[in-house]
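Engineer: Take this structure, written in C-alpha cells, and hold onto it; I'll ask about it next.
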Amino acid sequence: MTSTPPHPPAPAQAGAANPAGLAKPAGAAVDPARASGPVPAVQITGLDKEFPVAGGGPTVALTGIDLTVAPGEFVSLIGPSGCGKSTLLRLIGDLVAPTRGEVRVFGAPARAARESQRYGIAFQQAGLLEWRTVAGNVELPLQVHGVKKKQRRERARELLELVGLGDFAGQWPAQLSGGMQQRVAIARALAERPPLLLLDEPFGALDEMTRERMQAELARIRVETATTVILVTHSIPEAVFLSDRVAVMSPRPGRIAEIIDVDVPGRMPAPGESGGGVPALEQAVGQAEDVREQAAFFQAVTAVREALRAGGGS
Amino acid sequence: MTGPVARAHPGGRGRGWARGTRSRLAVVLPPVVFGVAVVALWELYVQAYDIKPYLLPAPSEIWTQFRHSFRVIVDTSKATGSNALVGLVVGLVAGLVAAIVAASSKIVDGLLAPVAAAMNAIPIIALAPLFNSMFSTTSAVPRRLVVAIVVFFPVYVNTVRGLRQVPDVQRELMRSLAVGRWRFARTVQLPGAIPYIFTGFRVASSLAVIAAVVAEYFGGRQNGLGSRITSAAANTAYPRAWAFVLAACVLGIGVYLLAGLLEWLATPWRRGSGATSGT
C-alpha cells in the first residue's frame, strides 16, 4: 500500500475528491476522466496467453489482443465459452500473467495497478466471507489496507445505501438471496473508490428478473461513481444495455473478432457527458424498461449477435 | 442445547418464538420418548424373566447403585474428566499447530500425512500399558497422553482439510487486494477453517472420554471411572459397575455438549438459519 500510483498528479481535484478521508493515494479517488487526461484506463497491446498442458503443446487461450479502454468508458467482453473473456479480465487485473504482450492500467503495468488498488473486482460467485457480516464484507478491502474502523463503517454504510442494502449491514451473508449477495460483492469492489471496475459475469447466476434489475442498478452505480467498467458477460442484451462498446470475442484461439459501438438513446449518460443528476433507483429501473424496448436497442442486439455468429461463436 | 436464537431478520426469514420452540420440541421429543421406552422395556424384561444381575441388572438397581455411590462417582468422574479435558486440550493444540504447519508447507505435509495415516490405523488405546511402564504408573501422564494422541487425528485431518478449501473466488479476491500470505491466512484461511476444526473437535471430544476411561483399564492409579468399572466387575458387583458406566456416559455427553457449546459460541454466522450442523 505504500507505493504511489504512477499517475499524473491532479492538484486541482485531489483534495475535494476524497470526502471520506480514506487512507489512499489522493489520485486514486479522482475522476479518472479528468485526472488522467489522455492516459487510457486500460491499454492492451499484442497480448497472448497460453496455458501449459501436461504432455502436449500449450493451449492458446488468447492471441493478438489489442484493446484500449478510455477512462469512464463501459466496455463489455462477450463471446462463447472458451473464448478467453474471463482470462482477459484476469490479465487486466493481474490475477494471471500474460505469455506475451503488455497490459497497462492507467499508464502503469497491471501488477503495479493491482498493488496500488487501481481496480475493484467482482466475480460470478459473490465469494463473500460467511463469517463476516454484510458490512464486514464491504469493509474487507479497506480493513486489509489499514483504514480506520470509523471510516470503514461510514464507507460501508454509504456503499450499502448505494446498492440498496442499507438495512442489511448487520446480517450474515447466508441470510441474503443470491442477488443481494452479488450486490454486496459489487459494493465491496467499489469500497476503495477504484477508478476501474472489473466484473466477471457478476449476474450470471441470477434469474432473469433479478438480472435486469441489477443491470439497471449497475448502470446507475456507474454514473454515480464515474468508474470505468469492463464487464465479462454471456448475455447480448446485458452487454448492449450497459456498454458504450462491446468487444465480441471468438474462440480457439481466443481473440477479439469485432468491436461494436453501441448507441441507444435514452440510456443514462456516460459520466462526464452528463448534465443532469443521477436518477433514483426505482426511476432507473423504470427507464431501463423503456431502453430495452427501443428499436435501437434491438438493432444493437442484432449487430452483436451477427458479429458473434461471424466470429464462429457456435 | 442451543439456546433461544432471538434475532431480527429483516429479510423475512425470521422464525417466530412459538415455531422455534415447537420445532425444537419435535427434534428433542422422539429420542427422549424412545430412550424412556427402552429403559421401561428393559426393566420389565428383567423383572418378568428374573434375569440374574451378572447377566443384566435392572435399570432400577443400577440407579440405586448410582445414588448410593454418588460421591465416589463424582470424585472418579472428576479424575477421569480432567484427564479427558487435559488430553483434549493438548491434542487439540498439537493438531491445530501441526495442521497449520502442514497446510503452509508441502514438505511438512508430505512428511506428516503418511505418519498421520499410519498412527490412525493403530488402536491408540493399545499404547496405554506401554505408556504406563514408560512413565510412572502413579501419574496421570500416560492416560492424558493416550487421550491427546486420540484427539490429535480428527483435529489434524479436519483442520488440514479446512485450511485447504479456500474457494478460488476468495483467493482471487485476496490477490486482487494484494495482501500478503499471513494476512491471507488470518483473514480468509483460518476463519474459513473454523467449521472444519469444530467438526474434528466434536468427534475428538467423544473419543477423549472413551480413551480416558478405557486407558484406566490397564492399571495405574485407581482414581477414575474406568478403574472403578473394572474393580466392580471383578468383585461381581455388576449393578455398581453399570452405575459407573452410566457415569461415563454422562461424562461423555457432557464433554460433547461442551464442545458443541464452544462451536455455537465461535460460529455465530451459522446459527439460526438452520444451517447449523450436528448437536
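If you're wondering about the labels, chains in the C-alpha cells are A, B, ... by order shown, residues count from 1 in each chain, ligands from 1 in order shown.
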Show me a table, sorted first by chain and then by increasing residue number, of the residues of chain B having an atom at most 7 Å from chain A, each with its shortest atom pair and the distance in Å to one decimal, counting only C-alpha atoms and written as a tab-separated table.

Structural biologist:
```
residue	atom	partner	partner_atom	distance
B:Val169	CA	A:Gly127	CA	5.6
B:Gln170	CA	A:Gly127	CA	5.7
B:Glu172	CA	A:Leu95	CA	6.7
B:Arg175	CA	A:Leu95	CA	6.9
B:Ser176	CA	A:Arg114	CA	6.1
B:Leu177	CA	A:Pro141	CA	6.6
B:Ala178	CA	A:Glu115	CA	5.4
B:Trp269	CA	A:Trp131	CA	5.6
```

Engineer: Neighbouring residues of segment 31-39 of chain B were defined as those with any atom within 12 Å, considering only C-alpha atoms; residues of the same chain fewer than 3 positions away were excluded. Please report them as a list in words.

Structural biologist: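 The contact residues come out as Leu25, Ala26, Val27, Val28, Trp42, Glu43, Leu44, Tyr45, Val46, Pro57, Ala58, Pro59, Ser60, Ile62 and Trp63 of chain B.
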
Engineer: Determine the nearest neighbour of Ala118 of chain B from the options B:Phe153, B:Trp182, B:Ile197, B:Gln222, counting only C-alpha atoms.

Structural biologist: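 Under the stated criterion, the closest residue is B:Phe153.
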
Engineer: Between atom CA of Ile107 of chain B and atom CA of Val160 of chain B, what is the distance, to one decimal in Å?

Structural biologist: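 So the two atoms, atom CA of Ile107 of chain B and atom CA of Val160 of chain B, lie 14.0 Å apart.
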
Engineer: For atom CA of Ser77 of chain B and atom CA of Leu265 of chain B, quote the distance in Å rounded to one decimal.

Structural biologist: 25.7 Å

Engineer: If you count only C-alpha atoms, which residues fall within 10 Å of Gln299 of chain A, apart from same-chain ones fewer than 3 positions away, as an MDAnalysis selection string?

Structural biologist: chainID A and resid 240 262:264 294:296 302:305

Engineer: Kindly export the residues of the current selection with N, CA and C atoms, as an mmCIF file, in the first residue's frame.

Structural biologist:
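Written output follows (selection_11.cif):
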```
data_model
loop_
_atom_site.group_PDB
_atom_site.id
_atom_site.type_symbol
_atom_site.label_atom_id
_atom_site.label_comp_id
_atom_site.auth_asym_id
_atom_site.auth_seq_id
_atom_site.Cartn_x
_atom_site.Cartn_y
_atom_site.Cartn_z
ATOM 1 N N VAL A 240 -25.374 -4.999 -24.459
ATOM 2 C CA VAL A 240 -25.878 -3.853 -25.210
ATOM 3 C C VAL A 240 -26.465 -2.805 -24.273
ATOM 4 N N VAL A 262 -22.005 0.967 -29.328
ATOM 5 C CA VAL A 262 -23.434 0.887 -29.027
ATOM 6 C C VAL A 262 -23.927 2.293 -28.733
ATOM 7 N N ASP A 263 -24.990 2.665 -29.417
ATOM 8 C CA ASP A 263 -25.581 3.957 -29.105
ATOM 9 C C ASP A 263 -27.091 3.806 -29.050
ATOM 10 N N VAL A 264 -27.588 3.633 -27.874
ATOM 11 C CA VAL A 264 -29.028 3.506 -27.690
ATOM 12 C C VAL A 264 -29.504 4.740 -26.949
ATOM 13 N N GLN A 294 -36.681 -0.289 -27.090
ATOM 14 C CA GLN A 294 -36.462 0.569 -28.254
ATOM 15 C C GLN A 294 -35.966 -0.206 -29.457
ATOM 16 N N ALA A 295 -36.268 0.367 -30.653
ATOM 17 C CA ALA A 295 -35.770 -0.242 -31.889
ATOM 18 C C ALA A 295 -34.239 -0.222 -31.913
ATOM 19 N N ALA A 296 -33.655 0.883 -31.453
ATOM 20 C CA ALA A 296 -32.190 0.998 -31.482
ATOM 21 C C ALA A 296 -31.546 -0.096 -30.632
ATOM 22 N N THR A 302 -28.971 -7.141 -32.479
ATOM 23 C CA THR A 302 -28.790 -7.886 -33.722
ATOM 24 C C THR A 302 -27.350 -7.761 -34.223
ATOM 25 N N ALA A 303 -26.809 -6.559 -34.150
ATOM 26 C CA ALA A 303 -25.439 -6.340 -34.630
ATOM 27 C C ALA A 303 -24.456 -7.218 -33.857
ATOM 28 N N VAL A 304 -24.620 -7.264 -32.542
ATOM 29 C CA VAL A 304 -23.708 -8.073 -31.727
ATOM 30 C C VAL A 304 -23.904 -9.551 -32.042
ATOM 31 N N ARG A 305 -25.174 -9.949 -32.210
ATOM 32 C CA ARG A 305 -25.441 -11.351 -32.489
ATOM 33 C C ARG A 305 -24.806 -11.784 -33.805
#
```
